[in-house]
Amino acid sequence: MSKLRGKVAIVGIGEVPTGRFPEKAAIYHAMESAKLAIKDAGINKDHIDFVMPTAALYSPQFNTELVTCRVAEELGLKNAKTNCQIFAGGSSGSCFLKLGGSIIETGVADYVLCVHADRLGTGVTAQGGIDLFSTAGISAEWEVPFGQHYSTIAALTTTRYQYETGCTDEQMAAVCVSNRKWAELNPNARFRKPLTIEEVMESKMLSTPLRAKQSNMLFDGGSAFILTSAERARDITDRPVYLLGEGSRVTHFVFSQEPDITRFGWRDAAKDAFGEAGLTPKDIDVAEIYDSYPVYQVIGMEELGFCERGEAGELHMRGDTWPGGKLPTTTNGGMLSQGHTGAGGGVALLVEAARQLMGKAGERQVPGARFAVETGTGGTYMDAQVSILGTEIP
């Protein structure tokens, strides 16, 4: 268990609309997100002394530029002492929090800029995107030769989960509808047109039992946030977002080696996070649950303790997770509606959690939000990362 409870805080967030600027270079998405985060924090850019980019998947060249300080140079940072890339796939945002927070707590840095940018929508061909997600995080020896792909992995998880719980196809489709309800209110989301369960069920079969509208889509995008100490945060904003608890488990690399493909490590990770925060699921106002496919949002909700096993599908069906519902869930629309930007899918969820707690979510603002949980996972769902955030320290 970490020792960061209440000691570090997010003070600024920034994000560019997903898939909205196809003509822009990837560095544009990084710079705009970073500038918005700096402005939101209300600090001088030269207060930033540690730059922490995560990886870009679309281009080895651009990724190398991130590694070798392009963000610091483009922003004109005069006091940057360190640039270090952190990458753990979709759990990169959670790692930003833990590692960036530790760097601040040990006094190595005062302000850490965490930034993501990628061009998976326009920077690769359609076939290139397919090839990427048929090889990244998938065993080259045992799975790649047999055509393993993230959609088939999600289909395996979905099939097994439905067999064990009785969750229906319609309930699984309801996750997409719920996330779209939030995306309709999110100006940064790529898909904002209303969606129905019938439309999801009528879409093309992708990988049985998953259909096309149950899959994430790859787009360009960028997001960023700024971390500092809790003491410093209270001096610059009246609503800092504190890291209250975190928990994590690494369970596998090769998907076939995961002991339980319908639970993963979420329950143990959540137990640690809630225990450190001194909170329970009943205290949570907003749940930002990783949603590359509907089944992972369903499993996450249940394993974190928001409902009993097999009940999450019905929660989405009856609107408990919608705007105005009992448990606002994945309030930016998630990867199913805001769009999948590589590692940024998880970073965007973390930015959204902070946005809700800061009271800056506009039409989709959850009234009185004080505590939020955010989850991330990378590769073929190799790990379970749970972060508890709050505007106060219990």
# chains A, B, ... in the order shown; residues from 1 in each chain; ligands from 1
call {"tool": "residues_around", "arguments": {"residues": "stretch 133-142 of chain A", "least_positions_apart": "6", "cutoff": "10 Å", "atoms": "only C-alpha atoms", "output": "list in words"}}
result
Leu57, Gly89, Gln148, His149, Tyr150, Ser151, Thr152, Phe253, Val254, Phe255, Ser256, Gly378, Gly379, Thr380, Tyr381 and Met382 of chain A
call {"tool": "write_last_selection", "arguments": {"atoms": "N, CA and C atoms", "output": "short mmCIF file (atom, residue, chain, number, x, y, z; two decimals), in the first residue's frame"}}
result
data_model
loop_
_atom_site.label_atom_id
_atom_site.label_comp_id
_atom_site.auth_asym_id
_atom_site.auth_seq_id
_atom_site.Cartn_x
_atom_site.Cartn_y
_atom_site.Cartn_z
N LEU A 57 1.70 5.40 -29.59
CA LEU A 57 1.78 4.11 -30.28
C LEU A 57 1.90 4.25 -31.80
N GLY A 89 0.55 1.10 -21.01
CA GLY A 89 -0.68 0.94 -21.78
C GLY A 89 -1.80 1.76 -21.17
N GLN A 148 -4.71 -14.00 -32.62
CA GLN A 148 -5.27 -13.34 -31.44
C GLN A 148 -5.37 -11.84 -31.68
N HIS A 149 -6.41 -11.21 -31.15
CA HIS A 149 -6.67 -9.79 -31.35
C HIS A 149 -7.47 -9.31 -30.15
N TYR A 150 -7.43 -8.01 -29.88
CA TYR A 150 -8.13 -7.49 -28.71
C TYR A 150 -9.63 -7.73 -28.77
N SER A 151 -10.20 -7.74 -29.95
CA SER A 151 -11.63 -8.02 -30.05
C SER A 151 -11.94 -9.48 -29.71
N THR A 152 -11.06 -10.39 -30.08
CA THR A 152 -11.30 -11.79 -29.72
C THR A 152 -11.08 -12.01 -28.23
N PHE A 253 0.81 -11.59 -18.46
CA PHE A 253 1.17 -10.99 -19.75
C PHE A 253 0.35 -11.67 -20.84
N VAL A 254 0.52 -12.97 -21.00
CA VAL A 254 -0.24 -13.72 -22.00
C VAL A 254 -1.66 -13.94 -21.47
N PHE A 255 -2.64 -13.56 -22.26
CA PHE A 255 -4.03 -13.62 -21.81
C PHE A 255 -4.42 -15.03 -21.36
N SER A 256 -3.90 -16.03 -22.05
CA SER A 256 -4.25 -17.41 -21.70
C SER A 256 -3.72 -17.82 -20.33
N GLY A 378 -3.80 -2.17 -18.60
CA GLY A 378 -3.01 -2.12 -19.82
C GLY A 378 -2.89 -3.46 -20.51
N GLY A 379 -2.37 -3.41 -21.73
CA GLY A 379 -2.15 -4.64 -22.49
C GLY A 379 -3.41 -5.46 -22.61
N THR A 380 -3.28 -6.78 -22.50
CA THR A 380 -4.45 -7.66 -22.56
C THR A 380 -5.05 -7.78 -21.16
N TYR A 381 -5.31 -6.58 -20.56
CA TYR A 381 -5.91 -6.49 -19.22
C TYR A 381 -4.99 -7.13 -18.19
N MET A 382 -3.70 -6.77 -18.33
CA MET A 382 -2.61 -7.39 -17.58
C MET A 382 -2.59 -6.99 -16.12
#
call {"tool": "residues_around", "arguments": {"residues": "A:Val250", "least_positions_apart": "3", "cutoff": "9 Å", "atoms": "only C-alpha atoms", "output": "PyMOL selection string"}}
result
chain A and resi 253+264-265+382-385
call {"tool": "select_by_dssp", "arguments": {"residues": "stretch 114-157 of chain A", "states": "helix (DSSP H, G or I)", "output": "list of chain:residue names"}}
result
A:Ala126, A:Gln127, A:Gly128, A:Gly129, A:Ile130, A:Asp131, A:Leu132, A:Val144, A:Pro145, A:Phe146, A:Tyr150, A:Ser151, A:Thr152, A:Ile153, A:Ala154, A:Ala155, A:Leu156, A:Thr157
call {"tool": "closest_residue", "arguments": {"among": "A:Thr68, A:Thr165, A:Gln365, A:Asn216", "to": "A:Glu314", "atoms": "only C-alpha atoms"}}
result
A:Thr165
call {"tool": "closest_atom_pairs", "arguments": {"of": "stretch 63-179 of chain A", "to": "stretch 7-19 of chain A", "cutoff": "8 Å", "atoms": "only C-alpha atoms", "output": "CSV"}}
result
residue,atom,partner,partner_atom,distance
A:Gly101,CA,A:Val8,CA,5.8
A:Ile104,CA,A:Val8,CA,7.4
A:Glu105,CA,A:Lys7,CA,7.0
A:Gly121,CA,A:Gly19,CA,6.9
call {"tool": "write_last_selection", "arguments": {"atoms": "C-alpha atoms", "output": "tab-separated table (two decimals), in the first residue's frame"}}
result
chain	number	residue	atom	x	y	z
A	101	GLY	CA	3.09	11.58	-6.63
A	104	ILE	CA	6.74	15.07	-5.42
A	105	GLU	CA	6.51	13.50	-1.96
A	121	GLY	CA	-6.99	7.80	-35.99
call {"tool": "select_by_dssp", "arguments": {"residues": "stretch 45-175 of chain A", "states": "strand (DSSP E)", "output": "ChimeraX atom specification"}}
result
/A:50-53,82-83,111-119
call {"tool": "closest_residue", "arguments": {"among": "A:Gly123, A:Gly345, A:Gly245, A:Gly100", "to": "A:Phe62", "atoms": "only C-alpha atoms"}}
result
A:Gly123
call {"tool": "closest_atom_pairs", "arguments": {"of": "stretch 335-377 of chain A", "to": "stretch 287-306 of chain A", "cutoff": "6 Å", "atoms": "only C-alpha atoms", "output": "Markdown table"}}
result
| residue | atom | partner | partner_atom | distance |
| --- | --- | --- | --- | --- |
| A:Met335 | CA | A:Ser292 | CA | 5.5 |
| A:Leu349 | CA | A:Glu288 | CA | 5.9 |
| A:Ala372 | CA | A:Ala287 | CA | 5.7 |
| A:Val373 | CA | A:Ala287 | CA | 5.0 |
| A:Glu374 | CA | A:Glu288 | CA | 4.7 |
| A:Thr375 | CA | A:Ile289 | CA | 5.3 |
| A:Gly376 | CA | A:Tyr290 | CA | 5.6 |
call {"tool": "closest_atom_pairs", "arguments": {"of": "stretch 163-207 of chain A", "to": "stretch 321-328 of chain A", "cutoff": "12 Å", "atoms": "only C-alpha atoms", "output": "tab-separated table"}}
result
residue	atom	partner	partner_atom	distance
A:Ala174	CA	A:Thr321	CA	10.0
A:Val175	CA	A:Thr321	CA	8.7
A:Cys176	CA	A:Trp322	CA	10.8
A:Val177	CA	A:Trp322	CA	8.8
A:Ser178	CA	A:Trp322	CA	5.4
A:Asn179	CA	A:Trp322	CA	7.5
A:Arg180	CA	A:Trp322	CA	9.1
A:Lys181	CA	A:Trp322	CA	6.4
A:Trp182	CA	A:Pro323	CA	6.5
A:Ala183	CA	A:Pro323	CA	10.2
A:Glu184	CA	A:Pro323	CA	10.2
A:Leu185	CA	A:Pro323	CA	9.2
A:Asn186	CA	A:Pro323	CA	11.6
call {"tool": "atom_distance", "arguments": {"atom1": "atom CA of A:Ala30", "atom2": "atom CA of A:Glu231"}}
result
27.7 Å
call {"tool": "closest_residue", "arguments": {"among": "A:Asp272, A:Gly319, A:Phe21, A:Asp283", "to": "A:Ser248", "atoms": "only C-alpha atoms"}}
result
A:Asp272
call {"tool": "residues_around", "arguments": {"residues": "A:Thr122", "least_positions_apart": "2", "cutoff": "7 Å", "atoms": "only C-alpha atoms", "output": "list in words"}}
result
Pro22, Arg119, Leu120, Val124 and Asp220 of chain A
